[in-house]
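*Asks:* You'll find target10.tsv just under this line, and it carries TSV, C-alpha atoms.
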```tsv
chain	number	residue	atom	x	y	z
K	1	PHE	CA	7.22	19.23	-193.76
K	2	LEU	CA	5.51	18.13	-190.56
K	3	ILE	CA	4.70	14.49	-189.94
K	4	ASN	CA	1.16	13.89	-188.69
K	5	SER	CA	1.25	11.83	-185.49
K	6	PHE	CA	-1.69	9.71	-186.68
K	7	ASN	CA	-0.47	8.87	-190.20
K	8	THR	CA	2.48	7.13	-191.79
K	9	PHE	CA	4.62	8.46	-194.61
K	10	PHE	CA	7.32	6.92	-196.77
K	11	PHE	CA	10.25	8.37	-198.66
K	12	VAL	CA	12.43	6.93	-201.43
K	13	THR	CA	16.05	6.63	-200.35
K	14	ASP	CA	17.38	7.47	-203.84
K	15	CYS	CA	15.49	10.67	-204.71
K	16	ARG	CA	13.81	11.48	-201.36
K	17	PHE	CA	10.33	11.37	-202.93
K	18	THR	CA	7.70	11.31	-200.15
K	19	CYS	CA	4.22	9.83	-200.22
K	20	HIS	CA	1.46	8.67	-197.91
K	21	TYR	CA	1.61	4.96	-197.04
K	22	ARG	CA	-1.75	4.18	-198.70
K	23	CYS	CA	-0.42	5.64	-201.98
K	24	ARG	CA	2.71	3.52	-201.93
K	25	ALA	CA	1.37	0.83	-204.31
K	26	LEU	CA	0.30	3.50	-206.84
K	27	ILE	CA	3.75	5.08	-207.19
K	28	GLN	CA	6.15	4.05	-209.97
K	29	LEU	CA	9.54	5.77	-210.01
K	30	ASP	CA	12.57	5.62	-212.28
K	31	CYS	CA	14.88	7.81	-210.25
K	32	SER	CA	17.77	5.34	-210.08
K	33	SER	CA	19.15	2.40	-211.95
K	34	LYS	CA	18.88	0.48	-208.73
K	35	ARG	CA	15.60	-0.54	-207.22
K	36	SER	CA	14.08	2.29	-205.22
K	37	HIS	CA	13.39	1.48	-201.60
K	38	PHE	CA	10.70	3.05	-199.46
K	39	SER	CA	11.64	3.95	-195.90
K	40	ASP	CA	9.23	4.67	-193.08
K	41	LEU	CA	9.15	8.25	-191.84
K	42	SER	CA	6.70	7.57	-189.06
K	43	ASP	CA	7.66	8.87	-185.65
K	44	ILE	CA	4.79	7.31	-183.77
K	45	SER	CA	5.06	4.67	-181.08
K	46	GLU	CA	3.97	1.79	-183.28
K	47	ASP	CA	6.40	-1.03	-184.10
K	48	PRO	CA	8.53	-0.46	-187.24
K	49	ILE	CA	7.04	-3.53	-188.91
K	50	GLU	CA	3.65	-1.86	-189.10
K	51	THR	CA	4.22	-0.32	-192.52
K	52	ASP	CA	0.66	-0.91	-193.66
K	53	THR	CA	-2.62	-0.87	-191.85
K	54	ASN	CA	-5.94	-2.11	-193.11
K	55	VAL	CA	-8.95	-1.74	-190.85
K	56	ASP	CA	-11.45	-2.67	-193.54
K	57	ASP	CA	-10.53	-6.29	-194.24
K	58	GLN	CA	-12.86	-8.70	-192.50
K	59	ILE	CA	-11.05	-11.65	-190.95
K	60	GLU	CA	-12.92	-14.92	-191.08
K	61	TRP	CA	-12.00	-16.00	-187.54
K	62	GLY	CA	-14.62	-13.85	-185.87
K	63	LYS	CA	-17.34	-15.32	-188.12
K	64	GLN	CA	-16.58	-18.98	-187.49
K	65	GLU	CA	-19.35	-20.87	-185.71
K	66	LEU	CA	-17.80	-23.92	-184.08
K	67	SER	CA	-19.65	-27.04	-183.03
K	68	PRO	CA	-18.97	-28.53	-179.57
K	69	SER	CA	-16.74	-31.20	-181.10
K	70	GLU	CA	-14.77	-28.61	-183.09
K	71	ILE	CA	-14.31	-26.50	-179.98
K	72	GLU	CA	-13.03	-29.51	-178.04
K	73	GLN	CA	-10.60	-30.37	-180.84
K	74	LYS	CA	-9.31	-26.80	-181.16
K	75	VAL	CA	-8.83	-26.50	-177.40
K	76	LYS	CA	-6.71	-29.68	-177.43
K	77	GLU	CA	-4.66	-28.39	-180.36
K	78	TYR	CA	-4.23	-25.00	-178.69
K	79	ASN	CA	-3.05	-26.48	-175.39
K	80	ALA	CA	-0.59	-28.73	-177.22
K	81	GLN	CA	1.09	-25.73	-178.86
K	82	ILE	CA	1.69	-23.46	-175.88
K	83	ASP	CA	4.83	-23.65	-173.74
K	84	SER	CA	3.34	-22.07	-170.60
K	85	ASN	CA	0.59	-22.84	-168.13
K	86	LEU	CA	-1.91	-20.48	-169.79
K	87	PHE	CA	-4.15	-23.31	-170.93
K	88	MET	CA	-7.71	-23.17	-172.14
K	89	ALA	CA	-10.31	-25.27	-170.32
K	90	LEU	CA	-13.69	-26.61	-171.41
K	91	ASN	CA	-16.76	-26.17	-169.24
K	92	LYS	CA	-19.72	-28.50	-168.91
K	93	ASP	CA	-22.09	-25.91	-170.39
K	94	GLY	CA	-20.16	-25.88	-173.67
K	95	SER	CA	-18.25	-22.66	-173.02
K	96	TYR	CA	-14.51	-22.47	-172.41
K	97	THR	CA	-12.13	-20.24	-170.48
K	98	GLY	CA	-8.58	-19.13	-171.16
K	99	PHE	CA	-6.08	-16.30	-171.18
K	100	ILE	CA	-5.65	-13.45	-173.61
K	101	LYS	CA	-2.77	-10.98	-173.74
K	102	VAL	CA	-3.59	-7.37	-174.57
K	103	GLN	CA	-0.90	-4.86	-175.54
K	104	PHE	CA	-1.42	-1.18	-174.80
K	105	LYS	CA	-0.68	1.18	-177.69
K	106	LEU	CA	-1.91	4.48	-176.28
K	107	VAL	CA	-0.56	7.84	-177.43
K	108	ARG	CA	-2.53	9.93	-174.93
K	109	PRO	CA	-2.29	9.91	-171.14
K	110	VAL	CA	-4.79	8.03	-168.98
K	111	SER	CA	-6.38	9.28	-165.76
K	112	VAL	CA	-6.36	7.54	-162.39
K	113	PRO	CA	-7.71	8.59	-159.00
K	114	PRO	CA	-5.30	10.60	-156.82
K	115	ALA	CA	-3.36	8.88	-154.07
K	116	ARG	CA	-5.08	8.75	-150.69
K	117	LYS	CA	-2.33	10.83	-149.09
K	118	ALA	CA	-2.78	13.57	-151.69
K	119	ALA	CA	-6.54	13.53	-151.22
K	120	ALA	CA	-6.15	13.76	-147.45
K	121	ALA	CA	-3.66	16.62	-147.74
K	122	ALA	CA	-6.07	18.53	-149.96
K	123	GLY	CA	-8.69	18.50	-147.21
K	124	GLN	CA	-6.43	19.44	-144.29
K	125	ASP	CA	-7.37	23.11	-144.55
K	126	GLY	CA	-10.77	22.25	-143.09
K	127	ARG	CA	-12.72	23.23	-146.18
K	128	ARG	CA	-14.84	20.72	-148.06
K	129	THR	CA	-14.03	20.25	-151.72
K	130	VAL	CA	-17.55	19.45	-152.84
K	131	GLY	CA	-17.98	18.80	-156.56
K	132	VAL	CA	-14.21	18.75	-157.29
K	133	LYS	CA	-13.11	15.53	-158.97
K	134	ARG	CA	-9.38	15.20	-158.59
K	135	ARG	CA	-7.43	12.84	-160.84
K	136	THR	CA	-3.88	12.18	-161.98
K	137	SER	CA	-2.91	11.77	-165.64
K	138	PHE	CA	0.14	9.84	-166.84
K	139	TYR	CA	1.43	7.94	-169.86
K	140	LEU	CA	1.46	4.17	-169.79
K	141	PRO	CA	4.85	2.66	-170.74
K	142	LYS	CA	5.20	1.86	-174.43
K	143	ASP	CA	5.17	-1.95	-174.21
K	144	THR	CA	2.66	-2.36	-171.39
K	145	ALA	CA	0.75	-5.66	-171.66
K	146	LYS	CA	-1.76	-7.46	-169.48
K	147	HIS	CA	-3.03	-11.05	-169.34
K	148	LEU	CA	-6.70	-11.55	-168.62
K	149	HIS	CA	-8.50	-14.79	-167.77
K	150	ILE	CA	-11.84	-14.62	-169.56
K	151	SER	CA	-14.65	-16.79	-170.87
K	152	SER	CA	-15.61	-17.53	-174.45
K	153	ARG	CA	-18.72	-15.47	-173.72
K	154	THR	CA	-16.77	-12.36	-172.68
K	155	LYS	CA	-17.27	-9.54	-175.18
K	156	ALA	CA	-14.72	-7.01	-176.41
K	157	ARG	CA	-16.38	-4.15	-174.52
K	158	GLU	CA	-16.18	-6.15	-171.28
K	159	VAL	CA	-12.49	-6.81	-171.90
K	160	ILE	CA	-11.84	-3.06	-172.24
K	161	GLU	CA	-13.69	-2.35	-169.01
K	162	ALA	CA	-11.76	-5.09	-167.19
K	163	LEU	CA	-8.42	-3.73	-168.43
K	164	LEU	CA	-9.22	-0.20	-167.28
K	165	LYS	CA	-10.30	-1.55	-163.90
K	166	LYS	CA	-7.02	-3.48	-163.55
K	167	PHE	CA	-5.07	-0.23	-163.96
K	168	THR	CA	-7.65	1.83	-162.01
K	169	VAL	CA	-8.17	4.05	-165.06
K	170	VAL	CA	-11.18	6.31	-164.58
K	171	ASP	CA	-11.50	7.46	-168.21
K	172	ASN	CA	-14.66	6.63	-170.11
K	173	PRO	CA	-14.29	3.13	-171.68
K	174	ARG	CA	-15.78	4.54	-174.89
K	175	LYS	CA	-12.52	6.43	-175.40
K	176	PHE	CA	-10.80	3.09	-176.12
K	177	ALA	CA	-11.18	0.28	-178.62
K	178	LEU	CA	-9.82	-3.24	-178.95
K	179	PHE	CA	-8.04	-4.19	-182.17
K	180	GLU	CA	-6.80	-7.45	-183.62
K	181	ARG	CA	-3.32	-7.23	-185.12
K	182	ILE	CA	-2.21	-9.74	-187.76
K	183	GLU	CA	1.20	-10.06	-189.44
K	184	ARG	CA	0.98	-11.46	-192.94
K	185	HIS	CA	3.44	-11.32	-195.87
K	186	ASP	CA	5.57	-8.63	-194.19
K	187	GLN	CA	2.46	-6.51	-193.71
K	188	VAL	CA	0.58	-5.71	-190.52
K	189	TYR	CA	-3.21	-5.48	-190.52
K	190	LEU	CA	-5.30	-3.88	-187.78
K	191	ARG	CA	-9.02	-4.38	-187.43
K	192	LYS	CA	-11.22	-2.77	-184.83
K	193	LEU	CA	-13.35	-5.29	-182.94
K	194	SER	CA	-17.02	-4.57	-182.48
K	195	ASP	CA	-18.41	-4.47	-178.95
K	196	GLU	CA	-20.10	-7.85	-179.39
K	197	GLU	CA	-17.10	-9.81	-180.67
K	198	ARG	CA	-15.55	-12.39	-178.35
K	199	PRO	CA	-11.75	-12.11	-178.11
K	200	LEU	CA	-11.20	-15.59	-176.68
K	201	GLN	CA	-12.91	-17.14	-179.70
K	202	LEU	CA	-10.52	-15.19	-181.95
K	203	ARG	CA	-7.59	-16.42	-179.87
K	204	LEU	CA	-8.74	-20.04	-180.11
K	205	CYS	CA	-9.31	-19.98	-183.87
K	206	ALA	CA	-6.00	-18.22	-184.59
K	207	GLY	CA	-3.94	-20.35	-182.22
K	208	PRO	CA	-1.38	-19.12	-179.67
K	209	CYS	CA	1.00	-17.52	-182.21
K	210	GLU	CA	1.22	-13.76	-181.63
K	211	LYS	CA	2.04	-13.11	-185.29
K	212	ALA	CA	-1.12	-14.89	-186.39
K	213	LEU	CA	-3.16	-12.71	-184.03
K	214	SER	CA	-2.52	-10.35	-181.15
K	215	LEU	CA	-4.86	-8.00	-179.32
K	216	VAL	CA	-4.12	-4.30	-178.95
K	217	LEU	CA	-5.84	-1.58	-176.93
K	218	LYS	CA	-5.79	1.79	-178.70
K	219	GLU	CA	-7.64	5.07	-178.62
K	220	ASN	CA	-11.06	4.85	-180.24
K	221	GLU	CA	-10.51	7.02	-183.31
K	222	THR	CA	-13.92	7.75	-184.82
K	223	GLY	CA	-12.79	10.48	-187.22
K	224	GLU	CA	-14.14	13.34	-185.12
K	225	VAL	CA	-13.17	14.08	-181.54
K	226	ASN	CA	-15.99	14.81	-179.12
K	227	TRP	CA	-14.16	17.41	-177.06
K	228	ASP	CA	-17.22	17.90	-174.85
K	229	ALA	CA	-16.54	14.46	-173.36
K	230	PHE	CA	-13.30	15.70	-171.74
K	231	THR	CA	-12.87	17.65	-168.54
K	232	MET	CA	-11.17	21.05	-168.41
K	233	PRO	CA	-7.94	19.63	-166.88
K	234	GLU	CA	-7.80	17.01	-169.65
K	235	LEU	CA	-8.26	19.62	-172.38
K	236	GLN	CA	-5.57	21.82	-170.84
K	237	ASN	CA	-3.27	18.81	-170.66
K	238	PHE	CA	-3.90	18.03	-174.35
K	239	LEU	CA	-2.96	21.61	-175.26
K	240	ARG	CA	0.31	21.29	-173.35
K	241	ILE	CA	1.05	17.99	-175.09
K	242	LEU	CA	0.34	19.47	-178.53
K	243	GLN	CA	2.58	22.43	-177.77
K	244	ARG	CA	5.44	20.13	-176.73
K	245	GLU	CA	4.98	18.02	-179.87
K	246	GLU	CA	4.96	21.12	-182.07
K	247	GLU	CA	8.11	22.48	-180.42
K	248	GLU	CA	9.83	19.12	-180.86
K	249	HIS	CA	8.87	18.91	-184.55
K	250	VAL	CA	10.09	22.47	-185.17
K	251	LYS	CA	13.35	21.69	-183.36
K	252	GLN	CA	13.94	18.59	-185.49
K	253	ILE	CA	13.27	20.48	-188.73
K	254	VAL	CA	15.58	23.35	-187.75
K	255	GLN	CA	18.34	20.87	-186.86
K	256	ARG	CA	17.85	18.96	-190.12
K	257	TYR	CA	18.16	22.09	-192.25
K	258	ALA	CA	21.12	23.27	-190.19
K	259	ARG	CA	22.93	19.98	-190.88
K	260	ALA	CA	22.12	20.23	-194.58
K	261	ARG	CA	23.40	23.81	-194.66
K	262	ASP	CA	26.65	22.80	-192.95
K	263	LYS	CA	27.21	19.97	-195.45
K	264	MET	CA	26.61	22.34	-198.39
K	265	ARG	CA	29.13	24.82	-196.98
K	266	GLU	CA	31.67	22.03	-196.47
K	267	ALA	CA	31.14	20.89	-200.06
K	268	LEU	CA	31.60	24.44	-201.35
K	269	ALA	CA	34.73	24.93	-199.29
K	270	SER	CA	36.32	21.69	-200.49
K	271	SER	CA	35.42	22.08	-204.17
K	272	THR	CA	37.94	23.54	-206.58
K	273	PRO	CA	36.91	26.08	-209.22
K	274	GLY	CA	36.58	24.79	-212.78
```
Now, as a test, write the supplied structure out as structure tokens.
*Replies:*
Amino acid sequence: FLINSFNTFFFVTDCRFTCHYRCRALIQLDCSSKRSHFSDLSDISEDPIETDTNVDDQIEWGKQELSPSEIEQKVKEYNAQIDSNLFMALNKDGSYTGFIKVQFKLVRPVSVPPARKAAAAAGQDGRRTVGVKRRTSFYLPKDTAKHLHISSRTKAREVIEALLKKFTVVDNPRKFALFERIERHDQVYLRKLSDEERPLQLRLCAGPCEKALSLVLKENETGEVNWDAFTMPELQNFLRILQREEEEHVKQIVQRYARARDKMREALASSTPG
């Protein structure tokens, strides 16, 4: 069975029963005298601890309206807890500034402008390349992270645009979304931030602990992909990526069944009749 790159599945280590992660709480098994344990079958780039995701729960931090005195108190408490120089600072107009850390969790490549040398070499033949937009696509490293110094008035959409500008990414900012990630009771919750939410306010209310709240940049999954928004080179690149993923999945399945077949043959060869 093929594992969808955008979903998470679990299997029981005793009887190998498999289910979708959202169905886990609904399953009751009696396949062993011991307690059955679910194991994660996900092969995506997310951290192993992310065994559950809930994008529907509304976290109260984004709804808190703080008075000037509460903001001043929280800024003092925040600065007292950090062990670096990434302090928050109050401004005379009542706003405050500080640093946020954003982790990149992208499964698709991003596009950047070509190097100047490559662009110059392309035009050495004397012909003008009018209307041709050249770009280079590559995968960001798995644990890429970036600190940004922003204001309490900076919105989530502005943070995304600033991050793309830092990495000179030329993709449409609407292809990306900012998420808050919270670890609670051995579960991980993800919630997509709206364009108007202010990430620094979330950081201040949650405190500096990354488990209490961290910010993640992911693809903006809306349920349906607007393929018309991509260029021809991007679409061709996606097809190549899908083909490589399919070949890798098929290879893994063939190897798994080959190992199982070898073990069965070994068991048959070592067993005695009767």
*Asks:* Provide the CA of Leu86 in chain K to CA of Val102 in chain K distance in Å, to one decimal place.
*Replies:*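 We find that CA of Leu86 in chain K and CA of Val102 in chain K lie 14.1 Å from each other.
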*Asks:* What is the distance, in Å and to one decimal place, between CA of Ser111 in chain K and CA of Asp171 in chain K?
*Replies:*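 Between these atoms lies a distance of 6.0 Å.
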*Asks:* If I take CA of Pro233 in chain K and CA of Arg134 in chain K, how far is one from the other in Å, to one decimal?
*Replies:*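 Atom-to-atom, CA of Pro233 in chain K and CA of Arg134 in chain K are spaced 9.5 Å apart.
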*Asks:* Leu200 in chain K: which residues within 9 Å, counting only C-alpha atoms, same-chain residues fewer than 5 positions away excluded, as a PyMOL selection string?
*Replies:* chain K and resi 96-100+150-155+205
*Asks:* Could you give me, as a list in words, the residues within 12 Å of Glu158 in chain K, counting all atoms listed in the file and dropping anything in the same chain fewer than 3 positions from it?
*Replies:*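 The residues that qualify are Leu148, Ile150, Ser151, Ser152, Arg153, Thr154, Lys155, Glu161, Ala162, Leu163, Leu164, Lys165, Pro173, Arg174, Phe176, Ala177, Leu178, Ser194, Asp195, Glu196, Glu197, Arg198, Pro199 and Leu200 of chain K.
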*Asks:* Which polymer residues have any atom within 9 Å of an atom of range 234-245 of chain K, counting only C-alpha atoms, with same-chain residues fewer than 3 positions away left out, as a list in words?
*Replies:*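 What passes the distance filter is Arg108, Pro109, Ser111, Ser137, Trp227, Phe230, Thr231, Glu248, His249 and Val250 of chain K.
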*Asks:* From (-13.1, -6.7, -184.4), in the file's coordinates, out to 7 Å: which residues are reached, counting only C-alpha atoms? Answer as a PyMOL selection string.
*Replies:* chain K and resi 179-180+191-194+197
*Asks:* Selected residues, C-alpha atoms, written as a PDB file, keeping the file's coordinate frame, please.
*Replies:*
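The file below, result-v4.pdb, is the result:
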```
ATOM      1  CA  PHE K 179      -8.040  -4.190-182.170  1.00  0.00           C
ATOM      2  CA  GLU K 180      -6.800  -7.450-183.620  1.00  0.00           C
ATOM      3  CA  ARG K 191      -9.020  -4.380-187.430  1.00  0.00           C
ATOM      4  CA  LYS K 192     -11.220  -2.770-184.830  1.00  0.00           C
ATOM      5  CA  LEU K 193     -13.350  -5.290-182.940  1.00  0.00           C
ATOM      6  CA  SER K 194     -17.020  -4.570-182.480  1.00  0.00           C
ATOM      7  CA  GLU K 197     -17.100  -9.810-180.670  1.00  0.00           C
TER       8      GLU K 197
END
```
*Asks:* When distances are computed from only C-alpha atoms, which of K:Glu219, K:Glu70, K:Val112, K:Val254 shows the smallest separation from Gly94 in chain K?
*Replies:*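 Closest residue, counting only C-alpha atoms: K:Glu70.
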*Asks:* Could you pull the residues within 9 Å of Arg184 in chain K, counting all atoms listed in the file, minus those fewer than 4 positions along the same chain, as a ChimeraX atom specification?
*Replies:* /K:188-189,211-212
*Asks:* Restricting the output to C-alpha atoms, write the selected residues as a short mmCIF file (atom, residue, chain, number, x, y, z; two decimals), keeping the file's coordinate frame.
*Replies:*
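Writing done, so here's again-v4.cif:
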```
data_model
loop_
_atom_site.label_atom_id
_atom_site.label_comp_id
_atom_site.auth_asym_id
_atom_site.auth_seq_id
_atom_site.Cartn_x
_atom_site.Cartn_y
_atom_site.Cartn_z
CA VAL K 188 0.58 -5.71 -190.52
CA TYR K 189 -3.21 -5.48 -190.52
CA LYS K 211 2.04 -13.11 -185.29
CA ALA K 212 -1.12 -14.89 -186.39
#
```
*Asks:* Give as a list in words the set of residues within 9 Å of the point (0.1, -5.6, -182.2), where distances use the file's coordinates and all atoms listed in the file.
*Replies:*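 In the file's frame, the residues around the point are Glu46, Asp47, Glu50, Val102, Gln103, Phe104, Lys105, Phe179, Glu180, Arg181, Ile182, Glu183, Val188, Tyr189, Leu190, Glu210, Lys211, Leu213, Ser214, Leu215, Val216 and Leu217 of chain K.
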*Asks:* Generate the output file for the selected residues, C-alpha atoms, as a PDB file, in the frame of the given file.
*Replies:*
```
ATOM      1  CA  GLU K  46       3.970   1.790-183.280  1.00  0.00           C
ATOM      2  CA  ASP K  47       6.400  -1.030-184.100  1.00  0.00           C
ATOM      3  CA  GLU K  50       3.650  -1.860-189.100  1.00  0.00           C
ATOM      4  CA  VAL K 102      -3.590  -7.370-174.570  1.00  0.00           C
ATOM      5  CA  GLN K 103      -0.900  -4.860-175.540  1.00  0.00           C
ATOM      6  CA  PHE K 104      -1.420  -1.180-174.800  1.00  0.00           C
ATOM      7  CA  LYS K 105      -0.680   1.180-177.690  1.00  0.00           C
ATOM      8  CA  PHE K 179      -8.040  -4.190-182.170  1.00  0.00           C
ATOM      9  CA  GLU K 180      -6.800  -7.450-183.620  1.00  0.00           C
ATOM     10  CA  ARG K 181      -3.320  -7.230-185.120  1.00  0.00           C
ATOM     11  CA  ILE K 182      -2.210  -9.740-187.760  1.00  0.00           C
ATOM     12  CA  GLU K 183       1.200 -10.060-189.440  1.00  0.00           C
ATOM     13  CA  VAL K 188       0.580  -5.710-190.520  1.00  0.00           C
ATOM     14  CA  TYR K 189      -3.210  -5.480-190.520  1.00  0.00           C
ATOM     15  CA  LEU K 190      -5.300  -3.880-187.780  1.00  0.00           C
ATOM     16  CA  GLU K 210       1.220 -13.760-181.630  1.00  0.00           C
ATOM     17  CA  LYS K 211       2.040 -13.110-185.290  1.00  0.00           C
ATOM     18  CA  LEU K 213      -3.160 -12.710-184.030  1.00  0.00           C
ATOM     19  CA  SER K 214      -2.520 -10.350-181.150  1.00  0.00           C
ATOM     20  CA  LEU K 215      -4.860  -8.000-179.320  1.00  0.00           C
ATOM     21  CA  VAL K 216      -4.120  -4.300-178.950  1.00  0.00           C
ATOM     22  CA  LEU K 217      -5.840  -1.580-176.930  1.00  0.00           C
TER      23      LEU K 217
END
```
*Asks:* Using all atoms listed in the file, which of K:Ala115, K:Ile160, K:Leu204, K:Leu268 sits nearest Phe87 in chain K?
*Replies:*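 Counting all atoms listed in the file, the residue closest to Phe87 in chain K is K:Leu204.
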*Asks:* Here is a test: counting only C-alpha atoms, which residue of K:Asn91, K:Thr136, K:Gln187, K:Asn220 is nearest to Arg157 in chain K?
*Replies:*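 The answer is K:Asn220, which sits nearest to Arg157 in chain K.
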*Asks:* Determine the nearest neighbour of Arg135 in chain K from the options K:Ala206, K:Lys166, K:Tyr78, K:Met232, counting all atoms listed in the file.
*Replies:*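 Ranking K:Ala206, K:Lys166, K:Tyr78, K:Met232 by distance to Arg135 in chain K, first place goes to K:Met232.
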